[in-house]
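J.: Take a look at run_14.cif, mmCIF, C-alpha atoms:
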```cif
data_coords
#
loop_
_atom_site.group_PDB
_atom_site.id
_atom_site.type_symbol
_atom_site.label_atom_id
_atom_site.label_comp_id
_atom_site.auth_asym_id
_atom_site.auth_seq_id
_atom_site.Cartn_x
_atom_site.Cartn_y
_atom_site.Cartn_z
ATOM 1 C CA MET A 1481 0.000 0.000 0.000
ATOM 2 C CA THR A 1482 1.514 3.288 -1.022
ATOM 3 C CA GLU A 1483 -0.632 5.733 0.946
ATOM 4 C CA SER A 1484 -2.635 4.496 3.881
ATOM 5 C CA TYR A 1485 -5.321 5.673 6.223
ATOM 6 C CA ARG A 1486 -5.624 4.319 9.750
ATOM 7 C CA TYR A 1487 -8.919 3.837 11.576
ATOM 8 C CA ASP A 1488 -9.437 2.712 15.144
ATOM 9 C CA VAL A 1489 -11.973 -0.123 15.086
ATOM 10 C CA GLU A 1490 -13.074 -2.856 17.419
ATOM 11 C CA VAL A 1491 -13.264 -6.541 16.576
ATOM 12 C CA LEU A 1492 -16.471 -7.502 18.374
ATOM 13 C CA HIS A 1493 -16.804 -11.121 17.224
ATOM 14 C CA LEU A 1494 -14.698 -13.760 15.505
ATOM 15 C CA LEU A 1495 -16.893 -16.587 14.224
ATOM 16 C CA VAL A 1496 -15.392 -19.957 13.429
ATOM 17 C CA SER A 1497 -17.613 -22.834 12.326
ATOM 18 C CA PRO A 1498 -16.457 -26.129 10.822
ATOM 19 C CA ALA A 1499 -19.685 -26.664 8.826
ATOM 20 C CA HIS A 1500 -22.361 -24.781 6.925
ATOM 21 C CA ALA A 1501 -25.546 -24.022 8.845
ATOM 22 C CA TYR A 1502 -27.639 -22.607 5.994
ATOM 23 C CA PHE A 1503 -26.152 -23.628 2.639
ATOM 24 C CA GLY A 1504 -28.303 -26.123 0.737
ATOM 25 C CA ARG A 1505 -30.717 -26.694 3.632
ATOM 26 C CA ALA A 1506 -33.973 -25.135 2.422
ATOM 27 C CA ARG A 1507 -36.203 -28.036 3.425
ATOM 28 C CA GLU A 1508 -34.369 -29.334 6.477
ATOM 29 C CA GLY A 1509 -33.979 -25.975 8.192
ATOM 30 C CA ALA A 1510 -30.769 -24.579 9.573
ATOM 31 C CA ALA A 1511 -28.232 -27.173 10.642
ATOM 32 C CA ASP A 1512 -27.243 -27.365 14.278
ATOM 33 C CA VAL A 1513 -23.498 -26.877 13.895
ATOM 34 C CA SER A 1514 -20.937 -25.829 16.433
ATOM 35 C CA THR A 1515 -19.980 -22.182 16.230
ATOM 36 C CA THR A 1516 -17.218 -20.545 18.215
ATOM 37 C CA ASP A 1517 -17.038 -16.849 19.028
ATOM 38 C CA ALA A 1518 -13.280 -16.958 19.404
ATOM 39 C CA GLU A 1519 -10.973 -14.617 21.291
ATOM 40 C CA ARG A 1520 -8.524 -14.946 18.398
ATOM 41 C CA VAL A 1521 -8.331 -16.687 15.044
ATOM 42 C CA GLU A 1522 -5.421 -17.855 12.965
ATOM 43 C CA LEU A 1523 -5.417 -16.815 9.317
ATOM 44 C CA VAL A 1524 -3.366 -18.576 6.669
ATOM 45 C CA ALA A 1525 -2.528 -16.749 3.446
ATOM 46 C CA GLY A 1526 -4.645 -17.948 0.540
ATOM 47 C CA LYS A 1527 -6.597 -20.411 2.712
ATOM 48 C CA GLY A 1528 -8.702 -18.583 5.304
ATOM 49 C CA ILE A 1529 -9.343 -19.065 9.012
ATOM 50 C CA VAL A 1530 -8.008 -22.283 10.527
ATOM 51 C CA GLY A 1531 -10.946 -24.483 11.570
ATOM 52 C CA ASP A 1532 -13.571 -22.614 9.543
ATOM 53 C CA ARG A 1533 -15.846 -24.163 6.916
ATOM 54 C CA PHE A 1534 -14.218 -22.206 4.053
ATOM 55 C CA PHE A 1535 -10.602 -22.944 5.027
ATOM 56 C CA GLY A 1536 -8.662 -24.249 2.034
ATOM 57 C CA LYS A 1537 -11.749 -24.745 -0.164
ATOM 58 C CA ALA A 1538 -10.814 -23.997 -3.771
ATOM 59 C CA ALA A 1539 -14.184 -22.418 -4.573
ATOM 60 C CA HIS A 1540 -13.754 -19.937 -1.722
ATOM 61 C CA MET A 1541 -10.051 -19.064 -1.815
ATOM 62 C CA ASP A 1542 -10.772 -15.470 -2.823
ATOM 63 C CA ALA A 1543 -13.594 -15.128 -0.288
ATOM 64 C CA ALA A 1544 -12.690 -17.322 2.679
ATOM 65 C CA VAL A 1545 -13.033 -14.614 5.342
ATOM 66 C CA THR A 1546 -16.150 -12.461 5.653
ATOM 67 C CA LEU A 1547 -16.310 -9.117 7.448
ATOM 68 C CA ILE A 1548 -19.403 -7.129 8.401
ATOM 69 C CA ALA A 1549 -19.888 -3.794 10.151
ATOM 70 C CA ALA A 1550 -21.778 -3.953 13.450
ATOM 71 C CA GLU A 1551 -23.369 -0.632 12.475
ATOM 72 C CA ALA A 1552 -25.013 -2.335 9.478
ATOM 73 C CA LEU A 1553 -26.690 -4.847 11.786
ATOM 74 C CA GLU A 1554 -27.751 -2.094 14.194
ATOM 75 C CA ALA A 1555 -29.260 -0.029 11.352
ATOM 76 C CA MET A 1556 -31.109 -3.045 9.937
ATOM 77 C CA ALA A 1557 -32.630 -3.926 13.310
ATOM 78 C CA ALA A 1558 -33.745 -0.314 13.810
ATOM 79 C CA GLU A 1559 -35.287 -0.144 10.328
ATOM 80 C CA LEU A 1560 -37.154 -3.417 10.915
ATOM 81 C CA GLY A 1561 -38.266 -2.323 14.380
ATOM 82 C CA VAL A 1562 -36.786 -5.347 16.144
ATOM 83 C CA GLU A 1563 -34.330 -5.950 18.968
ATOM 84 C CA PRO A 1564 -30.632 -5.999 17.980
ATOM 85 C CA PHE A 1565 -29.598 -9.132 16.112
ATOM 86 C CA ASP A 1566 -27.201 -11.756 17.358
ATOM 87 C CA PRO A 1567 -24.336 -10.949 14.937
ATOM 88 C CA LEU A 1568 -23.228 -14.585 14.858
ATOM 89 C CA LEU A 1569 -26.469 -15.540 13.083
ATOM 90 C CA THR A 1570 -25.227 -13.706 9.975
ATOM 91 C CA ARG A 1571 -22.410 -16.293 9.799
ATOM 92 C CA ARG A 1572 -19.842 -13.575 9.005
ATOM 93 C CA ASN A 1573 -16.392 -14.363 10.414
ATOM 94 C CA VAL A 1574 -15.404 -10.908 11.624
ATOM 95 C CA VAL A 1575 -17.806 -8.333 13.095
ATOM 96 C CA LEU A 1576 -16.157 -4.900 13.220
ATOM 97 C CA LYS A 1577 -17.319 -1.726 14.942
ATOM 98 C CA GLY A 1578 -16.286 1.575 13.363
ATOM 99 C CA ALA A 1579 -15.460 0.327 9.874
ATOM 100 C CA GLN A 1580 -16.953 1.342 6.541
ATOM 101 C CA LEU A 1581 -16.194 -1.717 4.407
ATOM 102 C CA ALA A 1582 -17.622 -1.155 0.905
ATOM 103 C CA PRO A 1583 -14.834 1.188 -0.311
ATOM 104 C CA LEU A 1584 -12.332 -1.609 0.386
ATOM 105 C CA LEU A 1585 -13.798 -3.828 -2.367
ATOM 106 C CA GLY A 1586 -11.225 -4.741 -4.994
ATOM 107 C CA GLY A 1587 -8.290 -3.634 -2.876
ATOM 108 C CA ASP A 1588 -5.854 -4.750 -0.236
ATOM 109 C CA PHE A 1589 -6.058 -3.609 3.376
ATOM 110 C CA ALA A 1590 -4.843 -4.735 6.774
ATOM 111 C CA LEU A 1591 -6.111 -5.267 10.294
ATOM 112 C CA GLU A 1592 -3.719 -4.823 13.181
ATOM 113 C CA SER A 1593 -4.622 -6.202 16.589
ATOM 114 C CA ARG A 1594 -2.363 -6.612 19.602
ATOM 115 C CA GLY A 1595 0.646 -5.700 17.509
ATOM 116 C CA GLU A 1596 -0.038 -8.344 14.842
ATOM 117 C CA LEU A 1597 -0.811 -7.367 11.262
ATOM 118 C CA VAL A 1598 -3.004 -9.422 8.917
ATOM 119 C CA ARG A 1599 -3.230 -8.362 5.277
ATOM 120 C CA LEU A 1600 -6.444 -9.061 3.338
ATOM 121 C CA ARG A 1601 -7.846 -8.526 -0.167
ATOM 122 C CA ALA A 1602 -11.519 -7.516 -0.279
ATOM 123 C CA GLY A 1603 -12.683 -9.427 -3.319
ATOM 124 C CA ARG A 1604 -16.457 -9.140 -3.442
ATOM 125 C CA PRO A 1605 -19.543 -8.166 -1.472
ATOM 126 C CA ALA A 1606 -20.904 -10.706 1.017
ATOM 127 C CA HIS A 1607 -24.456 -10.905 -0.276
ATOM 128 C CA PRO A 1608 -27.130 -12.018 2.181
ATOM 129 C CA CYS A 1609 -29.026 -15.243 1.720
ATOM 130 C CA ALA A 1610 -32.768 -15.771 2.147
ATOM 131 C CA TRP A 1611 -32.057 -17.432 5.517
ATOM 132 C CA MET A 1612 -31.650 -13.956 7.035
ATOM 133 C CA ASP A 1613 -35.459 -13.556 7.044
ATOM 134 C CA GLN A 1614 -35.779 -16.672 9.188
ATOM 135 C CA MET A 1615 -32.685 -16.306 11.358
ATOM 136 C CA LEU A 1616 -32.719 -12.535 12.028
ATOM 137 C CA ALA A 1617 -36.200 -11.142 11.316
ATOM 138 C CA PRO A 1618 -38.739 -10.947 8.490
ATOM 139 C CA GLY A 1619 -37.398 -8.435 5.969
ATOM 140 C CA ALA A 1620 -33.756 -8.877 7.012
ATOM 141 C CA HIS A 1621 -32.743 -10.405 3.672
ATOM 142 C CA ALA A 1622 -33.782 -7.251 1.793
ATOM 143 C CA ALA A 1623 -32.493 -4.928 4.532
ATOM 144 C CA MET A 1624 -29.067 -6.575 4.402
ATOM 145 C CA ARG A 1625 -28.597 -6.011 0.657
ATOM 146 C CA GLY A 1626 -25.744 -3.592 0.088
ATOM 147 C CA ARG A 1627 -24.470 -3.915 3.660
ATOM 148 C CA GLY A 1628 -23.817 -7.622 4.101
ATOM 149 C CA GLY A 1629 -20.089 -7.013 4.353
ATOM 150 C CA VAL A 1630 -17.119 -8.068 2.246
ATOM 151 C CA ARG A 1631 -15.590 -11.413 1.386
ATOM 152 C CA CYS A 1632 -11.829 -11.457 1.614
ATOM 153 C CA MET A 1633 -8.761 -13.558 0.963
ATOM 154 C CA PRO A 1634 -5.986 -13.457 3.546
ATOM 155 C CA LEU A 1635 -2.724 -12.312 1.963
ATOM 156 C CA SER A 1636 -0.594 -13.050 5.019
ATOM 157 C CA ASP A 1637 -0.473 -15.511 7.871
ATOM 158 C CA GLY A 1638 -1.240 -14.166 11.308
ATOM 159 C CA LEU A 1639 -3.528 -13.875 14.284
ATOM 160 C CA LEU A 1640 -6.536 -11.600 14.584
ATOM 161 C CA HIS A 1641 -7.714 -10.841 18.112
ATOM 162 C CA ARG A 1642 -11.043 -9.705 19.494
ATOM 163 C CA GLY A 1643 -10.886 -6.180 20.928
ATOM 164 C CA PRO A 1644 -9.325 -2.879 19.831
ATOM 165 C CA ALA A 1645 -7.738 -2.952 16.379
ATOM 166 C CA VAL A 1646 -6.604 -0.666 13.582
ATOM 167 C CA LEU A 1647 -7.909 -0.938 10.021
ATOM 168 C CA ILE A 1648 -5.259 0.218 7.547
ATOM 169 C CA SER A 1649 -6.829 1.219 4.236
ATOM 170 C CA PRO A 1650 -5.369 2.462 0.942
ATOM 171 C CA VAL A 1651 -8.494 4.611 0.437
ATOM 172 C CA PRO A 1652 -10.247 7.067 2.749
ATOM 173 C CA LEU A 1653 -13.205 5.618 4.624
ATOM 174 C CA ASP A 1654 -16.133 7.252 6.393
ATOM 175 C CA PRO A 1655 -16.858 5.229 9.553
ATOM 176 C CA GLY A 1656 -20.102 7.219 9.923
ATOM 177 C CA GLN A 1657 -21.363 5.444 6.789
ATOM 178 C CA ALA A 1658 -20.698 1.904 8.090
ATOM 179 C CA GLY A 1659 -24.420 1.107 8.416
ATOM 180 C CA THR A 1660 -25.523 2.705 5.150
ATOM 181 C CA PRO A 1661 -26.415 0.433 2.202
ATOM 182 C CA THR A 1662 -24.052 0.803 -0.745
ATOM 183 C CA LEU A 1663 -26.325 -0.427 -3.509
ATOM 184 C CA LEU A 1664 -28.568 2.040 -5.225
ATOM 185 C CA GLN A 1665 -32.208 1.507 -4.506
ATOM 186 C CA PRO A 1666 -34.360 0.943 -7.600
ATOM 187 C CA SER A 1667 -36.009 4.140 -8.730
ATOM 188 C CA ARG A 1668 -39.768 4.303 -8.453
ATOM 189 C CA LEU A 1669 -41.066 5.464 -11.787
ATOM 190 C CA PRO A 1670 -44.641 6.744 -12.047
#
```
Hey, can you dump this file as structure tokens for me?
T.:
Amino acid sequence: MTESYRYDVEVLHLLVSPAHAYFGRAREGAADVSTTDAERVELVAGKGIVGDRFFGKAAHMDAAVTLIAAEALEAMAAELGVEPFDPLLTRRNVVLKGAQLAPLLGGDFALESRGELVRLRAGRPAHPCAWMDQMLAPGAHAAMRGRGGVRCMPLSDGLLHRGPAVLISPVPLDPGQAGTPTLLQPSRLP
């Protein structure tokens, strides 16, 4: 990164799950799989989070680690008029507070926690699945569009810890926009 911007953030949750809970389960309902809200996770370059369902899977190498802004979940719950969501139900690996994520798409960035630096590439948006309506609240699937987070590939090995962290970005971010959808809403023509 040539020029960088530093933002104080907080890693609120680190989800690690060895199996899919929602994928391909429309008729059976969500699977009862173990999920850990870890104090720290180990990332391996090009593979993902050790012990997670996407670790080393060829189809997910560019998107093995998902990040979401806590502010997005807070805004969705407020819009839907429901109590705050359990962030782990979104099945995103890293829940960050104070981070606008959409401008990172297509670029490299880093997270530094407890003196350890992990470099990531934000490859694509983490689109919500229809399960969000059942797991979070009716309407959550639509509310999550444009703010479901980013899917990333780790570019370096390292540990990421829960707690205070620094997001190092090559582009300026606006943490005040962390909960705002990034997709344009369809226009309503008369």
J.: Restricting the calculation to all atoms listed in the file, which member of A:Gly1587, A:Pro1652, A:Pro1634, A:Gly1578 is positioned closest to Asp1488 in chain A?
T.: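 Using all atoms listed in the file, the shortest distance to Asp1488 in chain A belongs to A:Gly1578.
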J.: Just say which residues the PyMOL selection byres ((chain A and resi 1546-1549) around 8) picks in this file, as a short mmCIF file (atom, residue, chain, number, x, y, z; two decimals) with C-alpha atoms, keeping the file's coordinate frame.
T.:
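Output contents, as saved in selection06.cif:
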```
data_model
loop_
_atom_site.label_atom_id
_atom_site.label_comp_id
_atom_site.auth_asym_id
_atom_site.auth_seq_id
_atom_site.Cartn_x
_atom_site.Cartn_y
_atom_site.Cartn_z
CA ALA A 1543 -13.59 -15.13 -0.29
CA ALA A 1544 -12.69 -17.32 2.68
CA VAL A 1545 -13.03 -14.61 5.34
CA ALA A 1550 -21.78 -3.95 13.45
CA GLU A 1551 -23.37 -0.63 12.48
CA ALA A 1552 -25.01 -2.34 9.48
CA LEU A 1553 -26.69 -4.85 11.79
CA ARG A 1572 -19.84 -13.58 9.01
CA ASN A 1573 -16.39 -14.36 10.41
CA VAL A 1574 -15.40 -10.91 11.62
CA VAL A 1575 -17.81 -8.33 13.10
CA LEU A 1576 -16.16 -4.90 13.22
CA LYS A 1577 -17.32 -1.73 14.94
CA GLY A 1578 -16.29 1.58 13.36
CA ALA A 1579 -15.46 0.33 9.87
CA GLN A 1580 -16.95 1.34 6.54
CA LEU A 1581 -16.19 -1.72 4.41
CA ALA A 1606 -20.90 -10.71 1.02
CA ARG A 1627 -24.47 -3.92 3.66
CA GLY A 1628 -23.82 -7.62 4.10
CA GLY A 1629 -20.09 -7.01 4.35
CA VAL A 1630 -17.12 -8.07 2.25
CA ARG A 1631 -15.59 -11.41 1.39
CA CYS A 1632 -11.83 -11.46 1.61
CA ALA A 1658 -20.70 1.90 8.09
CA GLY A 1659 -24.42 1.11 8.42
#
```
J.: Between A:Leu1600, A:Ala1525, A:Met1612, A:Ala1617, which has the minimum distance to Ser1649 in chain A (counting all atoms listed in the file)?
T.: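 Of A:Leu1600, A:Ala1525, A:Met1612, A:Ala1617, the one nearest Ser1649 in chain A is A:Leu1600, counting all atoms listed in the file.
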J.: Restricting the calculation to all atoms listed in the file: of A:Gly1626, A:Glu1519, A:Thr1570, A:Met1633, which residue gets closest to Phe1534 in chain A?
T.: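 Looking at the shortest contact to Phe1534 in chain A, the residue is A:Met1633.
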J.: What does the structure give for the distance between CA of Ile1648 in chain A and CA of Val1598 in chain A, in Å to one decimal?
T.: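 CA of Ile1648 in chain A sits 10.0 Å away from CA of Val1598 in chain A.
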J.: Here's the selection I'm unsure about, the PyMOL selection byres ((chain A and resi 1564-1566) around 7); applied to the file above, which residues does it give, as a PyMOL selection string?
T.: chain A and resi 1553-1554+1557+1562-1563+1567-1569+1616
J.: Given 4 Å on each side, where is the centre and what are the edge lengths in Å to one decimal of the axis-aligned box enclosing the listed atoms of range 1578-1584 of chain A, as AutoDock Vina command-line options?
T.:
```
--center_x -15.0 --center_y -0.1 --center_z 6.5 --size_x 13.3 --size_y 11.3 --size_z 21.7
```
J.: Give me the result of the PyMOL selection byres ((chain A and resi 1639) around 9) on this file, residue by residue, as a PyMOL selection string.
T.: chain A and resi 1520-1524+1593+1596-1598+1637-1638+1640-1641
J.: Enter the distance from CA of Arg1594 in chain A to CA of Asp1517 in chain A, in Å, rounded to one decimal.
T.: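 One can read the CA of Arg1594 in chain A to CA of Asp1517 in chain A distance as 17.9 Å.
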J.: Tell me, in Å to one decimal, how far CA of Pro1498 in chain A is from CA of Arg1604 in chain A.
T.: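 Atom-to-atom, CA of Pro1498 in chain A and CA of Arg1604 in chain A are spaced 22.2 Å apart.
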J.: Between A:Ala1518, A:Val1646, A:Ala1558, A:Met1541, which is the closest to Arg1601 in chain A once you count only C-alpha atoms?
T.: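 Among the listed residues, the smallest separation from Arg1601 in chain A belongs to A:Met1541.
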J.: May I ask which of the residues A:Pro1605, A:Leu1591, A:Gly1531, A:Lys1537 is the closest one to Val1491 in chain A, counting all atoms listed in the file?
T.: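 Of A:Pro1605, A:Leu1591, A:Gly1531, A:Lys1537, the one nearest Val1491 in chain A is A:Leu1591, counting all atoms listed in the file.
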J.: Here is a test: counting all atoms listed in the file, which residue of A:Gln1614, A:Thr1515, A:Thr1662, A:Ser1636 is nearest to Phe1589 in chain A?
T.: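 Of A:Gln1614, A:Thr1515, A:Thr1662, A:Ser1636, the one nearest Phe1589 in chain A is A:Ser1636, counting all atoms listed in the file.
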J.: For range 1552-1585 of chain A, supply N, CA and C atoms and format the output as an mmCIF file, keeping the file's coordinate frame.
T.:
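Dumped to out-v6.cif:
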```cif
data_model
loop_
_atom_site.group_PDB
_atom_site.id
_atom_site.type_symbol
_atom_site.label_atom_id
_atom_site.label_comp_id
_atom_site.auth_asym_id
_atom_site.auth_seq_id
_atom_site.Cartn_x
_atom_site.Cartn_y
_atom_site.Cartn_z
ATOM 1 N N ALA A 1552 -24.040 -1.872 10.478
ATOM 2 C CA ALA A 1552 -25.013 -2.335 9.478
ATOM 3 C C ALA A 1552 -26.107 -3.157 10.157
ATOM 4 N N LEU A 1553 -25.709 -4.021 11.072
ATOM 5 C CA LEU A 1553 -26.690 -4.847 11.786
ATOM 6 C C LEU A 1553 -27.579 -3.989 12.681
ATOM 7 N N GLU A 1554 -26.980 -2.994 13.335
ATOM 8 C CA GLU A 1554 -27.751 -2.094 14.194
ATOM 9 C C GLU A 1554 -28.773 -1.315 13.375
ATOM 10 N N ALA A 1555 -28.363 -0.800 12.209
ATOM 11 C CA ALA A 1555 -29.260 -0.029 11.352
ATOM 12 C C ALA A 1555 -30.392 -0.906 10.822
ATOM 13 N N MET A 1556 -30.073 -2.129 10.441
ATOM 14 C CA MET A 1556 -31.109 -3.045 9.937
ATOM 15 C C MET A 1556 -32.143 -3.334 11.017
ATOM 16 N N ALA A 1557 -31.701 -3.627 12.217
ATOM 17 C CA ALA A 1557 -32.630 -3.926 13.310
ATOM 18 C C ALA A 1557 -33.525 -2.720 13.582
ATOM 19 N N ALA A 1558 -32.955 -1.524 13.573
ATOM 20 C CA ALA A 1558 -33.745 -0.314 13.810
ATOM 21 C C ALA A 1558 -34.783 -0.116 12.706
ATOM 22 N N GLU A 1559 -34.364 -0.299 11.457
ATOM 23 C CA GLU A 1559 -35.287 -0.144 10.328
ATOM 24 C C GLU A 1559 -36.432 -1.147 10.392
ATOM 25 N N LEU A 1560 -36.138 -2.370 10.845
ATOM 26 C CA LEU A 1560 -37.154 -3.417 10.915
ATOM 27 C C LEU A 1560 -37.960 -3.357 12.210
ATOM 28 N N GLY A 1561 -37.545 -2.481 13.130
ATOM 29 C CA GLY A 1561 -38.266 -2.323 14.380
ATOM 30 C C GLY A 1561 -38.173 -3.524 15.298
ATOM 31 N N VAL A 1562 -36.992 -4.162 15.308
ATOM 32 C CA VAL A 1562 -36.786 -5.347 16.144
ATOM 33 C C VAL A 1562 -35.598 -5.114 17.083
ATOM 34 N N GLU A 1563 -35.474 -5.992 18.056
ATOM 35 C CA GLU A 1563 -34.330 -5.950 18.968
ATOM 36 C C GLU A 1563 -33.042 -6.190 18.178
ATOM 37 N N PRO A 1564 -31.897 -5.746 18.684
ATOM 38 C CA PRO A 1564 -30.632 -5.999 17.980
ATOM 39 C C PRO A 1564 -30.436 -7.490 17.703
ATOM 40 N N PHE A 1565 -29.838 -7.760 16.546
ATOM 41 C CA PHE A 1565 -29.598 -9.132 16.112
ATOM 42 C C PHE A 1565 -28.400 -9.735 16.822
ATOM 43 N N ASP A 1566 -28.407 -11.034 16.961
ATOM 44 C CA ASP A 1566 -27.201 -11.756 17.358
ATOM 45 C C ASP A 1566 -26.304 -11.761 16.122
ATOM 46 N N PRO A 1567 -25.172 -11.049 16.138
ATOM 47 C CA PRO A 1567 -24.336 -10.949 14.937
ATOM 48 C C PRO A 1567 -23.828 -12.289 14.433
ATOM 49 N N LEU A 1568 -23.733 -13.281 15.299
ATOM 50 C CA LEU A 1568 -23.228 -14.585 14.858
ATOM 51 C C LEU A 1568 -24.198 -15.280 13.913
ATOM 52 N N LEU A 1569 -25.479 -14.921 13.971
ATOM 53 C CA LEU A 1569 -26.469 -15.540 13.083
ATOM 54 C C LEU A 1569 -26.260 -15.158 11.626
ATOM 55 N N THR A 1570 -25.517 -14.088 11.362
ATOM 56 C CA THR A 1570 -25.227 -13.706 9.975
ATOM 57 C C THR A 1570 -24.174 -14.627 9.363
ATOM 58 N N ARG A 1571 -23.462 -15.360 10.209
ATOM 59 C CA ARG A 1571 -22.410 -16.293 9.799
ATOM 60 C C ARG A 1571 -21.219 -15.582 9.161
ATOM 61 N N ARG A 1572 -21.031 -14.292 9.456
ATOM 62 C CA ARG A 1572 -19.842 -13.575 9.005
ATOM 63 C C ARG A 1572 -18.736 -13.860 10.018
ATOM 64 N N ASN A 1573 -17.503 -13.994 9.535
ATOM 65 C CA ASN A 1573 -16.392 -14.363 10.414
ATOM 66 C C ASN A 1573 -15.954 -13.253 11.350
ATOM 67 N N VAL A 1574 -15.942 -12.019 10.850
ATOM 68 C CA VAL A 1574 -15.404 -10.908 11.624
ATOM 69 C C VAL A 1574 -16.457 -9.797 11.684
ATOM 70 N N VAL A 1575 -16.867 -9.438 12.899
ATOM 71 C CA VAL A 1575 -17.806 -8.333 13.095
ATOM 72 C C VAL A 1575 -16.997 -7.165 13.649
ATOM 73 N N LEU A 1576 -16.944 -6.078 12.863
ATOM 74 C CA LEU A 1576 -16.157 -4.900 13.220
ATOM 75 C C LEU A 1576 -17.060 -3.734 13.594
ATOM 76 N N LYS A 1577 -16.637 -2.968 14.561
ATOM 77 C CA LYS A 1577 -17.319 -1.726 14.942
ATOM 78 C C LYS A 1577 -16.433 -0.571 14.499
ATOM 79 N N GLY A 1578 -17.037 0.398 13.781
ATOM 80 C CA GLY A 1578 -16.286 1.575 13.363
ATOM 81 C C GLY A 1578 -15.634 1.470 12.004
ATOM 82 N N ALA A 1579 -16.114 0.551 11.158
ATOM 83 C CA ALA A 1579 -15.460 0.327 9.874
ATOM 84 C C ALA A 1579 -16.446 0.395 8.715
ATOM 85 N N GLN A 1580 -16.232 1.337 7.807
ATOM 86 C CA GLN A 1580 -16.953 1.342 6.541
ATOM 87 C C GLN A 1580 -16.203 0.380 5.629
ATOM 88 N N LEU A 1581 -16.877 -0.653 5.127
ATOM 89 C CA LEU A 1581 -16.194 -1.717 4.407
ATOM 90 C C LEU A 1581 -16.301 -1.636 2.889
ATOM 91 N N ALA A 1582 -17.400 -1.131 2.351
ATOM 92 C CA ALA A 1582 -17.622 -1.155 0.905
ATOM 93 C C ALA A 1582 -16.491 -0.521 0.090
ATOM 94 N N PRO A 1583 -15.906 0.611 0.502
ATOM 95 C CA PRO A 1583 -14.834 1.188 -0.311
ATOM 96 C C PRO A 1583 -13.583 0.301 -0.408
ATOM 97 N N LEU A 1584 -13.485 -0.711 0.431
ATOM 98 C CA LEU A 1584 -12.332 -1.609 0.386
ATOM 99 C C LEU A 1584 -12.413 -2.611 -0.760
ATOM 100 N N LEU A 1585 -13.613 -2.815 -1.327
ATOM 101 C CA LEU A 1585 -13.798 -3.828 -2.367
ATOM 102 C C LEU A 1585 -12.811 -3.641 -3.515
#
```
